[in-house]
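Engineer: This is target-v2.txt (compact mmCIF, C-alpha atoms).
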# COMPACT_ATOMS: atom_id res chain seq x y z
CA MET D 1 0.00 0.00 0.00
CA PRO D 2 1.48 3.38 -0.97
CA ALA D 3 2.39 5.69 1.92
CA ASN D 4 -0.17 8.34 0.90
CA SER D 5 -3.00 5.79 0.87
CA LYS D 6 -1.95 4.45 4.24
CA ARG D 7 -1.87 7.96 5.72
CA LEU D 8 -5.26 8.76 4.20
CA GLY D 9 -6.71 5.56 5.63
CA THR D 10 -5.30 6.34 9.06
CA PHE D 11 -6.65 9.88 8.89
CA ALA D 12 -10.10 8.66 7.82
CA ALA D 13 -10.19 6.12 10.66
CA ALA D 14 -9.17 8.75 13.19
CA LEU D 15 -11.76 11.17 11.84
CA LEU D 16 -14.55 8.59 12.03
CA PHE D 17 -13.52 7.62 15.55
CA GLY D 18 -13.46 11.26 16.63
CA LEU D 19 -16.90 11.85 15.17
CA SER D 20 -18.34 8.75 16.84
CA VAL D 21 -16.94 9.77 20.21
CA SER D 22 -18.17 13.34 19.97
CA ILE D 23 -21.56 12.67 18.37
CA ALA D 24 -22.66 9.48 20.14
CA PRO D 25 -23.30 11.13 23.52
CA LEU D 26 -25.24 13.91 21.81
CA LEU D 27 -27.49 11.45 20.05
CA ALA D 28 -27.91 9.36 23.17
CA ALA D 29 -29.38 12.15 25.26
CA GLY D 30 -31.04 14.06 22.46
CA ASP D 31 -29.64 17.48 23.36
CA PRO D 32 -29.31 20.08 20.68
CA ASP D 33 -26.15 22.08 20.38
CA PRO D 34 -26.04 24.85 22.93
CA SER D 35 -27.02 28.34 22.11
CA GLY D 36 -24.05 30.51 22.78
CA PRO D 37 -23.94 34.23 23.18
CA GLN D 38 -25.41 36.12 20.26
CA PRO D 39 -22.87 37.80 17.99
CA PRO D 40 -22.96 41.57 18.08
CA ALA D 41 -25.06 43.31 15.45
CA SER D 42 -23.23 44.45 12.34
CA PRO D 43 -22.31 48.10 12.43
CA PRO D 44 -24.25 50.38 10.08
CA PRO D 45 -22.58 51.19 6.76
CA SER D 46 -20.17 54.07 6.74
CA SER D 47 -21.79 57.46 6.14
CA SER D 48 -18.90 58.43 3.86
CA GLY D 49 -20.11 55.99 1.25
CA LYS D 50 -16.75 54.23 1.30
CA PRO D 51 -16.81 50.55 2.18
CA ASP D 52 -15.63 49.81 5.69
CA ALA D 53 -12.45 47.81 6.03
CA PRO D 54 -13.59 44.46 4.59
CA LYS D 55 -10.49 42.61 5.75
CA SER D 56 -10.99 43.52 9.41
CA SER D 57 -14.71 42.72 9.15
CA GLN D 58 -13.98 39.31 7.62
CA LYS D 59 -11.33 38.62 10.23
CA LYS D 60 -13.79 39.51 13.03
CA LYS D 61 -16.42 37.19 11.55
CA GLN D 62 -13.86 34.38 11.33
CA GLN D 63 -12.84 34.97 14.96
CA ASP D 64 -16.50 34.99 16.07
CA LYS D 65 -17.15 31.77 14.16
CA LYS D 66 -14.03 30.16 15.64
CA SER D 67 -15.02 31.31 19.11
CA GLU D 68 -18.55 29.94 18.63
CA GLN D 69 -17.16 26.63 17.34
CA GLU D 70 -14.73 26.44 20.28
CA PHE D 71 -17.68 26.97 22.63
CA ILE D 72 -19.74 24.23 20.94
CA ASP D 73 -16.79 21.81 21.00
CA GLY D 74 -16.12 22.59 24.67
CA TYR D 75 -19.82 22.19 25.49
CA ARG D 76 -19.92 18.80 23.79
CA ALA D 77 -16.82 17.64 25.66
CA ALA D 78 -18.18 18.87 29.01
CA ARG D 79 -21.56 17.27 28.32
CA ALA D 80 -19.89 13.98 27.45
CA LEU D 81 -18.14 14.08 30.84
CA ALA D 82 -21.49 14.61 32.59
CA LEU D 83 -23.12 11.77 30.64
CA ASP D 84 -20.18 9.51 31.51
CA GLY D 85 -20.76 10.17 35.21
CA LYS D 86 -17.67 12.37 35.60
CA TYR D 87 -19.67 15.08 37.30
CA ALA D 88 -16.90 17.02 39.06
CA GLU D 89 -14.87 17.12 35.85
CA ALA D 90 -17.98 18.21 33.93
CA ILE D 91 -18.56 21.13 36.31
CA VAL D 92 -14.96 22.27 35.82
CA ALA D 93 -15.27 21.93 32.04
CA PHE D 94 -18.59 23.78 31.84
CA THR D 95 -17.31 26.55 34.11
CA ALA D 96 -14.14 26.90 32.01
CA LEU D 97 -16.28 27.67 28.96
CA GLY D 98 -17.01 31.10 30.43
CA HIS D 99 -20.59 30.97 29.13
CA ASP D 100 -22.65 31.06 32.30
CA GLU D 101 -25.24 33.05 30.32
CA SER D 102 -26.15 29.90 28.38
CA ALA D 103 -29.21 28.10 29.76
CA GLU D 104 -27.78 24.77 28.54
CA VAL D 105 -24.51 25.34 30.40
CA ALA D 106 -26.25 26.44 33.61
CA ASN D 107 -28.64 23.49 33.38
CA TYR D 108 -25.83 20.95 33.05
CA ILE D 109 -23.86 22.50 35.90
CA GLY D 110 -27.04 22.08 37.96
CA TYR D 111 -27.42 18.49 36.75
CA ALA D 112 -23.82 17.59 37.62
CA ASN D 113 -24.16 19.16 41.06
CA ARG D 114 -27.42 17.25 41.66
CA LYS D 115 -25.76 13.98 40.69
CA LEU D 116 -22.96 14.75 43.17
CA GLY D 117 -25.52 15.40 45.90
CA ASN D 118 -24.83 19.15 45.97
CA TYR D 119 -28.53 19.96 46.03
CA GLU D 120 -28.25 23.62 47.02
CA GLN D 121 -25.74 24.32 44.25
CA ALA D 122 -27.91 22.41 41.78
CA LYS D 123 -30.89 24.56 42.75
CA VAL D 124 -28.89 27.76 42.21
CA TRP D 125 -27.83 26.66 38.73
CA TYR D 126 -31.29 25.41 37.71
CA GLU D 127 -32.80 28.71 38.76
CA LYS D 128 -30.10 30.57 36.85
CA ALA D 129 -30.89 28.54 33.72
CA LEU D 130 -34.60 29.35 34.06
CA ALA D 131 -33.84 33.04 34.59
CA ILE D 132 -31.92 32.98 31.30
CA ASP D 133 -34.62 31.01 29.47
CA PRO D 134 -37.95 30.53 31.30
CA ASN D 135 -39.04 28.01 28.65
CA HIS D 136 -35.93 25.81 28.81
CA VAL D 137 -37.82 22.55 28.95
CA ARG D 138 -34.84 20.36 29.88
CA THR D 139 -34.17 22.54 32.94
CA TRP D 140 -37.80 22.17 34.01
CA GLN D 141 -37.35 18.41 33.61
CA TYR D 142 -34.07 18.20 35.55
CA TYR D 143 -35.22 20.64 38.23
CA GLY D 144 -38.41 18.58 38.49
CA MET D 145 -36.23 15.54 39.13
CA TRP D 146 -34.44 17.57 41.82
CA HIS D 147 -37.84 18.01 43.51
CA VAL D 148 -38.59 14.28 43.16
CA GLU D 149 -35.28 13.51 44.89
CA GLN D 150 -36.19 16.01 47.62
CA GLY D 151 -39.52 14.24 48.12
CA ASN D 152 -41.53 17.24 46.95
CA MET D 153 -43.92 15.54 44.54
CA LEU D 154 -46.37 18.47 44.50
CA LYS D 155 -43.68 20.81 43.18
CA ALA D 156 -42.53 18.14 40.71
CA GLN D 157 -46.14 17.93 39.50
CA ASP D 158 -46.13 21.71 38.97
CA PHE D 159 -42.97 21.35 36.91
CA LEU D 160 -44.53 18.51 34.92
CA GLU D 161 -47.45 20.80 34.08
CA ARG D 162 -45.03 23.54 33.05
CA ILE D 163 -43.31 21.09 30.68
CA ARG D 164 -46.70 20.14 29.21
CA SER D 165 -47.54 23.79 28.61
CA ILE D 166 -44.17 24.49 26.94
CA CYS D 167 -44.34 21.37 24.76
CA GLY D 168 -48.03 21.84 23.99
CA SER D 169 -48.81 18.23 24.87
CA THR D 170 -47.76 15.30 27.01
CA SER D 171 -45.91 13.62 24.15
CA CYS D 172 -42.50 15.33 24.51
CA GLN D 173 -39.64 13.27 25.95
CA GLU D 174 -39.01 15.63 28.86
CA TYR D 175 -42.61 15.22 30.04
CA ALA D 176 -42.47 11.42 29.71
CA ASP D 177 -39.15 11.20 31.57
CA LEU D 178 -40.19 13.38 34.51
CA LYS D 179 -43.54 11.57 34.78
CA ALA D 180 -41.75 8.19 34.80
CA ALA D 181 -39.36 9.47 37.50
CA MET D 182 -42.31 10.65 39.59
CA GLU D 183 -43.85 7.19 39.25
CA GLY D 184 -40.57 5.56 40.33
CA LYS D 185 -40.02 3.90 36.97
CA ILE D 186 -36.75 5.67 36.07
CA SER D 187 -34.14 7.89 37.62
CA TYR D 188 -31.67 10.17 35.96
Using structure tokens, write down the structure that the file contains.
Structural biologist:
Amino acid sequence: MPANSKRLGTFAAALLFGLSVSIAPLLAAGDPDPSGPQPPASPPPSSSGKPDAPKSSQKKKQQDKKSEQEFIDGYRAARALALDGKYAEAIVAFTALGHDESAEVANYIGYANRKLGNYEQAKVWYEKALAIDPNHVRTWQYYGMWHVEQGNMLKAQDFLERIRSICGSTSCQEYADLKAAMEGKISY
């Protein structure tokens, strides 16, 4: 086998392995990619009629895109740690992202804290996620599970109703999972 073909084969295998490792946890738990901070609005065109510096504008867009991709990659890696049960490491990884304003990040920091038994910290992070996005259905689900674990089934029922109202029915996965947890059929 020629050296170039062997290198290409090795590269392809490594690429496929990397994709399977990074995508499999995402597919397993059904989470979408996180929503990061919104990029700043484009500045208005120059009043002089001359085009603004296109090179600096393109460079800024490339940096923003790189920064957004770095955030998504870091989020996926941190989430994979949480799904693998490496909760303390996940908290460190999510915190290192520097995106506490993301409801997905705050929710998963709450989740990891709950799984570690840090219930007060979990509550703080769940409430932060809901302050960022009051309709973040996965936070309502996980915070509902927090209430189940605390023995507060009435509050968990309120959260179940909130999930139903956000989803528009009882057929969304978050509703089914919290209901099953309340019935003692699953835990997460």
Engineer: Excluding region 78-88 of chain D and any residue of its chain fewer than 5 positions from it, enumerate the residues within 7 Å of it, using all atoms listed in the file, and give them as a ChimeraX atom specification.
Structural biologist: /D:25,93-94,112,116
Engineer: Just want the 12 Å neighbourhood of Cys172 (chain D), counted on only C-alpha atoms, with same-chain residues fewer than 4 positions away dropped. Output as a PyMOL selection string.
Structural biologist: chain D and resi 30+137-138+141+160+163-168+176-179
Engineer: Grab the CA of His99 (chain D) to CA of Ser67 (chain D) distance for me, in Å with one decimal place.
Structural biologist: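 Separation of CA of His99 (chain D) and CA of Ser67 (chain D): 11.5 Å.
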Engineer: Calculate how many Å separate CA of Lys155 (chain D) from CA of Pro34 (chain D), rounding to one decimal.
Structural biologist: 27.2 Å
Engineer: Quick one: of D:Ala90, D:Ala129, D:Ala122, D:Ala180, who's nearest to Ala106 (chain D), counting all atoms listed in the file?
Structural biologist: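 Result for the nearest residue to Ala106 (chain D): D:Ala129.
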Engineer: For the atom pair CA of Glu120 (chain D) and CA of Tyr175 (chain D), what is the interatomic distance in Å to one decimal place?
Structural biologist: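 According to the coordinates, CA of Glu120 (chain D) and CA of Tyr175 (chain D) are separated by 23.8 Å.
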Engineer: Please check which residues have atoms at most 10 Å from (-36.5, 27.1, 31.8) in the file's coordinates, counting only C-alpha atoms, and write them as a list in words.
Structural biologist: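 The distance filter leaves exactly Ala103, Glu104, Asn107, Tyr126, Glu127, Lys128, Ala129, Leu130, Ala131, Ile132, Asp133, Pro134, Asn135, His136, Val137, Arg138, Thr139, Trp140, Gln141, Tyr142, Tyr143, Arg162, Ile163 and Ile166 of chain D.
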Engineer: Go through D:Leu97, D:Met145, D:Val124, D:Ile72 one by one, measure the shortest atom-to-atom distance of each to Asp158 (chain D) using only C-alpha atoms, and give the residue with the smallest value.
Structural biologist: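 Closest residue, counting only C-alpha atoms: D:Met145.
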Engineer: So which one's closest to Tyr108 (chain D), D:Ile91, D:Met182, D:Met153, D:Ala77? Using all atoms listed in the file, please.
Structural biologist: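 Residue with the minimum atom-to-atom distance to Tyr108 (chain D): D:Ile91.
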Engineer: As a ChimeraX atom specification, please: the residues near Tyr119 (chain D) (cut-off 10 Å, all atoms listed in the file, same-chain neighbours under 4 positions excluded).
Structural biologist: /D:110-115,123-125,146-147,149-150
